[in-house]
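Some notes on the structure that comes next.
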Amino acid sequence: TRRINNIRMSRIKIDYGIDLGTTNSAIARMENGEPTVIKTDLRDSSIMPSCVGFDRKGTIRVGGEAANGLRSDRKNAMKKWDLLESNYFIEFKRTMGTDKKYHSSNMASDYNSEQLSSEVLKKLRSFISDEDFQSVVVTVPAKFDIRQKDATLRAAKLAGFTHCELLQEPIAASMAYGLANKSKNGFWVVFDFGGGTFDAALVKVEDGIMKVVDTDGDNYLGGKNLDSAIVDEIIIPYFEKEYSIESILEDSNKKKILQEAMKYYAEEAKIQLSFKNEHNILSDLGDIPGEDDNGEEFELDITITENDLKKVLSPIFQRAIDITADLLKRNNLPGIKLEALILVGGPTYSPILREMLEKQVRKPDTSADPMTAVAVGAALYASTIDLSEEVKEVTRDKTKVQLDIGFEASTVELEEWVTLKTIPEKTEGTIPAKVFAEIVRNDRAWSSGKVQINDKGEILEVKLLEHKANSFEVTLFDDSGNRMECQPDTFTIIQGSKIGSATLPYFIGVEVKRRKDGRLIFTSANGLEMNQSLPAKGTLNGLKTQKQIRPGISSDVIKIPIYTADFHSNGSRAIYNEHIYDAKITGDDLPTLLPENSDVDLTMTTDKSGRIEKIEAYFPYLDHTSDISIPEDVMTEIDADFLYNEIRKAKGTLAELNSNGHASSEEIDNIEKEVEYQQQRLDQGTTDYDRKKEVLDNLRKSFKKIDELNDNIEWPKLEEE
C-alpha cells in the first residue's frame, strides 16, 4: 500500500492514455518520462480485443476470453439457425451515442454501448497493479459527433474515472510520431484506418509545433467493412457454389447468422494476407456447425490470393483514399509536398492499401507502430494535462510538503523556466523557515543544484535533452541538509514537439427557414466553423421566433434544432446533416411576454474536445438572457424501409435530372453509382444497426449533391422557359 501511495501521490499530470478502439484497445502511461504501453493479460500482448461478454455464472468477461466466447456463440447459432443471440459483444463503439441495446440472456438484461465500453475501460485499468489512478485521456475518432463524445465521457464515468479528457485519435498519433521524428517542419497526413472508423488529418508542423489544420473521415468505414466484404464477396459465393443455401440467403436472420459466423475466417484471411501472397481458409469437418438445404455439413477450403483480396478490398480502401485526396485538394496540397504520410490502425498493414497510397498520394511512413501509436500519443498528451482540482485534493498527502510546480509541459526550446513554491495551507505541520529544492534530470546528467524556495515562488531554469520526454525529480532539504518528503516530486517536459489546440471537426449550426422559398436549411454559427481552434464560441444573430411565448407557460416552446455538418453544407437542407438535439426555451425561462417574430441571438460554447458545453439565448426585445439546458440525447434506430424509400427518391430525382439535359451526365453517373453502392450495402445487412446508419450518412451526401445540381439548373431552366 505504501508503494502504491508513493507512486500515485507523485503525479502532477494525468499521465495515462487509453486508445478505446472498435476492435482492439490499449493503455499507456508515462514512466520516467517515457510513454510505455502496458501489457495485457493476453499472451503478453500490448493490445486487447474490445470485446465484452457475460458467462452462464454471470461473470463479466472482457478481452481475449470474451472474443473466444463470441466466436463460439456465432458458430453455435448455425446449428439450428436460431435467432442470432450471443452473450458476447464487439464493435459497439460504432453504435456509441445511439439507442442500440445489446441483450444478454445470461444476465437477463440489456446493455448500451457506453456500458459495454465502460467494461473495456475497467479491464484496461486493471492492468495497472502498482497505482490507483482516477484521471485518464481517452481517444476518439476525429469525426465522432457530439453525442458520441458525450457517450464516451459517460462510459469513462461508469468505469470509475473522476476526470476524463477526450483527444482526437489523429492528434494522438501525431504526437507519437512527432516525438521520435526529427523533421520539425512541413505537412503530415495521419491516415487512421481503424477497426470501425476512418480519419484523415492534415497536420502542419512549424519548428516542432504541431497544428491540425483540417480533418475528414467516415465513422462507418474501417476493418469491419473489410471483413464484411470478404464474407459477402468471397466466402458466401463459395458456399453458393459448393452447397445449396437458397433458403438461408432468403431469410434475413439466417443470412446474418451465416455472415457473423464467417467473420472470424475473413479476419484471419485479411491479417494473413498482410504478410504473404496467399492464404488457405481450411476448416475441419464439424468445425462449422449447421447443414445446407440438402442436409450436407459445411466445410471451407478456399485459397485466397492477394489479387482476389485486391478486387474485394480495393473499393473500400479507395473510399478512404478519396477522402484523403479531397482533404489535400481543398488545402491545395499535392501528396508530393507532404513531409510524411503516417499510417495508424491494423488494416494499414495491408500491402494492397500501401501500394494504392503510394500510387495515389505518396509513399507511407511506416516508422510508427500502427497498433499502439494512438495509445502512446494519448499518454504523451496526458503528460501535458493537469490533474483536476478534485483529483488533486483526493490524492493529496498533507503530511508531505505540498509544492506548486509551474512549467510548460511541451516545448521546442532546449531550456525552460520552472517555478517552485511551497503551499503552507495545504501542508500539515510547520514548514521550516528555510527550504532548499534541487531538480535532477532523470539521466542524472544535469542538476539545478540546491536553490532556496518559499511560498512566494522561485524560478529555476532546466536543461532539456532533444527529442525526448525529459523527466525530472524534485528533492527538498531543510537548513541542515536533511531530506524532506514533498508532493509532487516529479514532472516531465517533452522537448522537440508541441501540440497546438485541437480543431473543430465539423460545422455547428442550426436549422432555419429560408425566406425566399421556405426551405429548412442548415446555417453554421459564426465562430463554430470546421477547423476552428478549440475551445470555441459561436453566435447566430437575428434568428426569429415563429410564435409568441407567454411567461410561465411551459407548453409555449421555442425549439432550436442544432446540427453538425461537413464542408459545403451551409445552405443545404438541414435534414441532410447530423441532427444532434433540440435546444428548447419555454415560457418558464422568460420574465415577460415575447411577441411573435422577435429576434433571438444564440451563443454556443464548446470545450476543447468540440462538445457543446453551454448554450445561451439573448432576447433583445426583453433584454434578457436564458441559459439553455443541454439534453443527453441519443440517436434512434433507422428503419430499412425508410432507407429503401430514400434510395428510390434519389434514383427518381437523378432520372429527372438526366432527362432535362441541364446537368452533367458524368456528375449524375457518379451519384448514381454511389446510390447503387449504398443499396448493395443495405441489401447485405438490412438488420445491421450501424450499417443502416452508414447508408443514411452516405445517402445524405448524395442528396446534397443532387440538391446542388438542382439549384445549378434552376436559372438555365428559367432562361429557357
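Labels used: A, B, ... for chains in the order of the C-alpha cells, numbers from 1 for residues in each chain, and numbers from 1 for ligands as shown.
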
Practice problem: Quick one: everything within 7 Å of Ile499 (chain A), counting only C-alpha atoms, minus sequence neighbours fewer than 6 positions away in the same chain. Send it as a PyMOL selection string. | Solution: chain A and resi 209-211

Counting only C-alpha atoms, which residues of region 51-87 of chain A fall within 9 Å of region 99-104 of chain A, and what is the closest atom pair for each with its distance in Å at one decimal, ordered by chain and rising number, as CSV?
residue,atom,partner,partner_atom,distance
A:Gly53,CA,A:Ser104,CA,8.2
A:Phe54,CA,A:Ser104,CA,7.1
A:Glu85,CA,A:His103,CA,7.9
A:Ser86,CA,A:Ser104,CA,7.0
A:Asn87,CA,A:Ser104,CA,4.9

Convert the current residue selection to file output with N, CA and C atoms, as a PDB file, in the first residue's frame.
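Produced file out01.pdb, reproduced below:
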ATOM      1  N   GLY A  53     -18.371  -9.839 -22.609  1.00  0.00           N
ATOM      2  CA  GLY A  53     -19.377 -10.896 -22.555  1.00  0.00           C
ATOM      3  C   GLY A  53     -19.757 -11.255 -21.132  1.00  0.00           C
ATOM      4  N   PHE A  54     -20.801 -12.054 -21.019  1.00  0.00           N
ATOM      5  CA  PHE A  54     -21.321 -12.472 -19.719  1.00  0.00           C
ATOM      6  C   PHE A  54     -21.555 -13.982 -19.783  1.00  0.00           C
ATOM      7  N   GLU A  85     -28.359 -14.922 -31.142  1.00  0.00           N
ATOM      8  CA  GLU A  85     -28.337 -14.333 -29.802  1.00  0.00           C
ATOM      9  C   GLU A  85     -27.061 -14.751 -29.108  1.00  0.00           C
ATOM     10  N   SER A  86     -26.252 -13.788 -28.768  1.00  0.00           N
ATOM     11  CA  SER A  86     -24.981 -14.061 -28.110  1.00  0.00           C
ATOM     12  C   SER A  86     -24.901 -13.281 -26.816  1.00  0.00           C
ATOM     13  N   ASN A  87     -24.106 -13.788 -25.904  1.00  0.00           N
ATOM     14  CA  ASN A  87     -23.830 -13.077 -24.661  1.00  0.00           C
ATOM     15  C   ASN A  87     -22.476 -12.372 -24.727  1.00  0.00           C
TER      16      ASN A  87
END

Quiz prompt | Nearest to Asn24 (chain A), chosen from A:Ser247, A:Gly346, A:Lys337, A:Glu297, with only C-alpha atoms counted in the distances | solution = A:Gly346

Quiz item: Using only C-alpha atoms, which of the listed residues (A:Arg330, A:Lys498, A:Arg681, A:Lys705) sits closest to Ser572 (chain A)?
Solution: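 Checking each of A:Arg330, A:Lys498, A:Arg681, A:Lys705 against Ser572 (chain A), counting only C-alpha atoms, the winner is A:Lys705.
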
Quiz item: Skipping near chain neighbours, those fewer than 6 positions away, what residues fall within 12 Å of Val361 (chain A) using only C-alpha atoms, listed as a PyMOL selection string?
Solution: chain A and resi 188-189+191+318+320-329+333-342+353-355

Self-check item: Backbone-only DSSP, strand (DSSP E or B) members of region 14-55 of chain A, as a PyMOL selection string
Solution: chain A and resi 16-19+24-31+34-37+48-49+51-54

Taking C-alpha atoms for each residue, export the selection above as a short mmCIF file (atom, residue, chain, number, x, y, z; two decimals), in the first residue's frame.
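After the write, part_36.cif holds the following:
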data_model
loop_
_atom_site.label_atom_id
_atom_site.label_comp_id
_atom_site.auth_asym_id
_atom_site.auth_seq_id
_atom_site.Cartn_x
_atom_site.Cartn_y
_atom_site.Cartn_z
CA TYR A 16 -2.49 7.87 -18.56
CA GLY A 17 -3.85 7.44 -22.07
CA ILE A 18 -6.32 4.89 -23.45
CA ASP A 19 -6.96 4.06 -27.10
CA ASN A 24 -8.83 -3.53 -30.10
CA SER A 25 -7.88 -1.22 -27.23
CA ALA A 26 -4.67 -0.32 -25.41
CA ILE A 27 -3.49 1.63 -22.38
CA ALA A 28 -0.23 3.54 -21.94
CA ARG A 29 1.28 5.69 -19.21
CA MET A 30 4.31 7.87 -18.63
CA GLU A 31 7.10 6.07 -16.80
CA GLU A 34 8.78 7.73 -21.41
CA PRO A 35 5.38 6.70 -22.82
CA THR A 36 5.00 2.98 -22.12
CA VAL A 37 2.28 0.69 -23.47
CA MET A 48 -6.71 -6.23 -26.04
CA PRO A 49 -9.84 -7.13 -28.05
CA CYS A 51 -14.99 -7.47 -26.60
CA VAL A 52 -17.30 -7.89 -23.59
CA GLY A 53 -19.38 -10.90 -22.56
CA PHE A 54 -21.32 -12.47 -19.72
#

Quiz prompt | Surrounding residues of Leu643 (chain A) excluding itself and chain neighbours under 2 positions, 9 Å, only C-alpha atoms, as a list in words | solution = Ile638, Asp639, Ala640, Asp641, Asn645, Glu646, Ile647, Arg648, Gln679, Leu682, Lys692, Val695, Leu696 and Leu699 of chain A

Exercise. Go ahead and compute the interatomic distance for CA of Ser244 (chain A) and CA of Gly69 (chain A), in Å to one decimal.
Key: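 These atoms are spaced 28.6 Å apart.
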
Self-check item: Contacts of region 462-468 of chain A within 6 Å, only C-alpha atoms, excl. fewer than 4 positions in-chain, as a list in words
Solution: Leu179, Leu414, Glu415, Glu416, Ile494, Gln495 and Gly496 of chain A

Quiz prompt | Residue among A:Ile90, A:Ala77, A:Ala108, A:Val312 lying closest to Thr23 (chain A), counting only C-alpha atoms | solution =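 When distances to Thr23 (chain A) are compared using only C-alpha atoms, the smallest one comes from A:Ile90.
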
Self-check item: Spatial neighbours of region 430-434 of chain A, max dist 9 Å, only C-alpha atoms, sep filter under 2 positions, as a ChimeraX atom specification
Solution: /A:401,422,424,427-428,436,452-454,477-479

Self-check item: DSSP alpha helix (DSSP H) residues within region 492-720 of chain A, listed as an NGL selection string
Solution: :A and (640-660 or 665-683 or 689-720)

Quiz prompt | Atomic distance CA of Leu20 (chain A) - CA of Lys263 (chain A), expressed in Å with one decimal | solution = 21.4 Å

Contacts of region 542-607 of chain A with region 513-523 of chain A up to 10 Å, shortest pair per row, only C-alpha atoms, as CSV:
residue,atom,partner,partner_atom,distance
A:Leu543,CA,A:Lys513,CA,9.7
A:Lys544,CA,A:Lys513,CA,9.6
A:Pro561,CA,A:Phe522,CA,9.6
A:Ile562,CA,A:Phe522,CA,9.0
A:Tyr563,CA,A:Phe522,CA,7.5
A:Thr564,CA,A:Phe522,CA,8.9
A:Ala565,CA,A:Phe522,CA,8.2
A:Ser569,CA,A:Phe522,CA,7.0
A:Asn570,CA,A:Thr523,CA,5.3
A:Gly571,CA,A:Ile521,CA,5.3
A:Ser572,CA,A:Ile521,CA,5.4
A:Arg573,CA,A:Ile521,CA,4.3
A:Ala574,CA,A:Ile521,CA,4.5
A:Ile575,CA,A:Ile521,CA,8.0
A:Tyr576,CA,A:Phe522,CA,8.8
A:Asn577,CA,A:Phe522,CA,7.7

Exercise. Determine the nearest neighbour of Ala172 (chain A) from the options A:Gly64, A:Glu250, A:Gly345, A:Ala373, counting only C-alpha atoms.
Key: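 Under the stated criterion, the closest residue is A:Ala373.
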
Self-check item: Residue neighbourhood Ile316 (chain A), 12 Å, only C-alpha atoms, exclusion window fewer than 2 positions, as JSON, numbers by chain
Solution: {"A": [193, 198, 218, 220, 221, 222, 223, 224, 225, 226, 227, 228, 229, 230, 309, 310, 311, 312, 313, 314, 318, 319, 320, 321, 322, 323, 347, 352, 353, 356, 677, 681]}

Quiz item: For Ile612 (chain A), which of A:Glu413, A:Glu632, A:Asp301, A:Asp707 is the closest residue, counting only C-alpha atoms?
Solution: A:Glu632
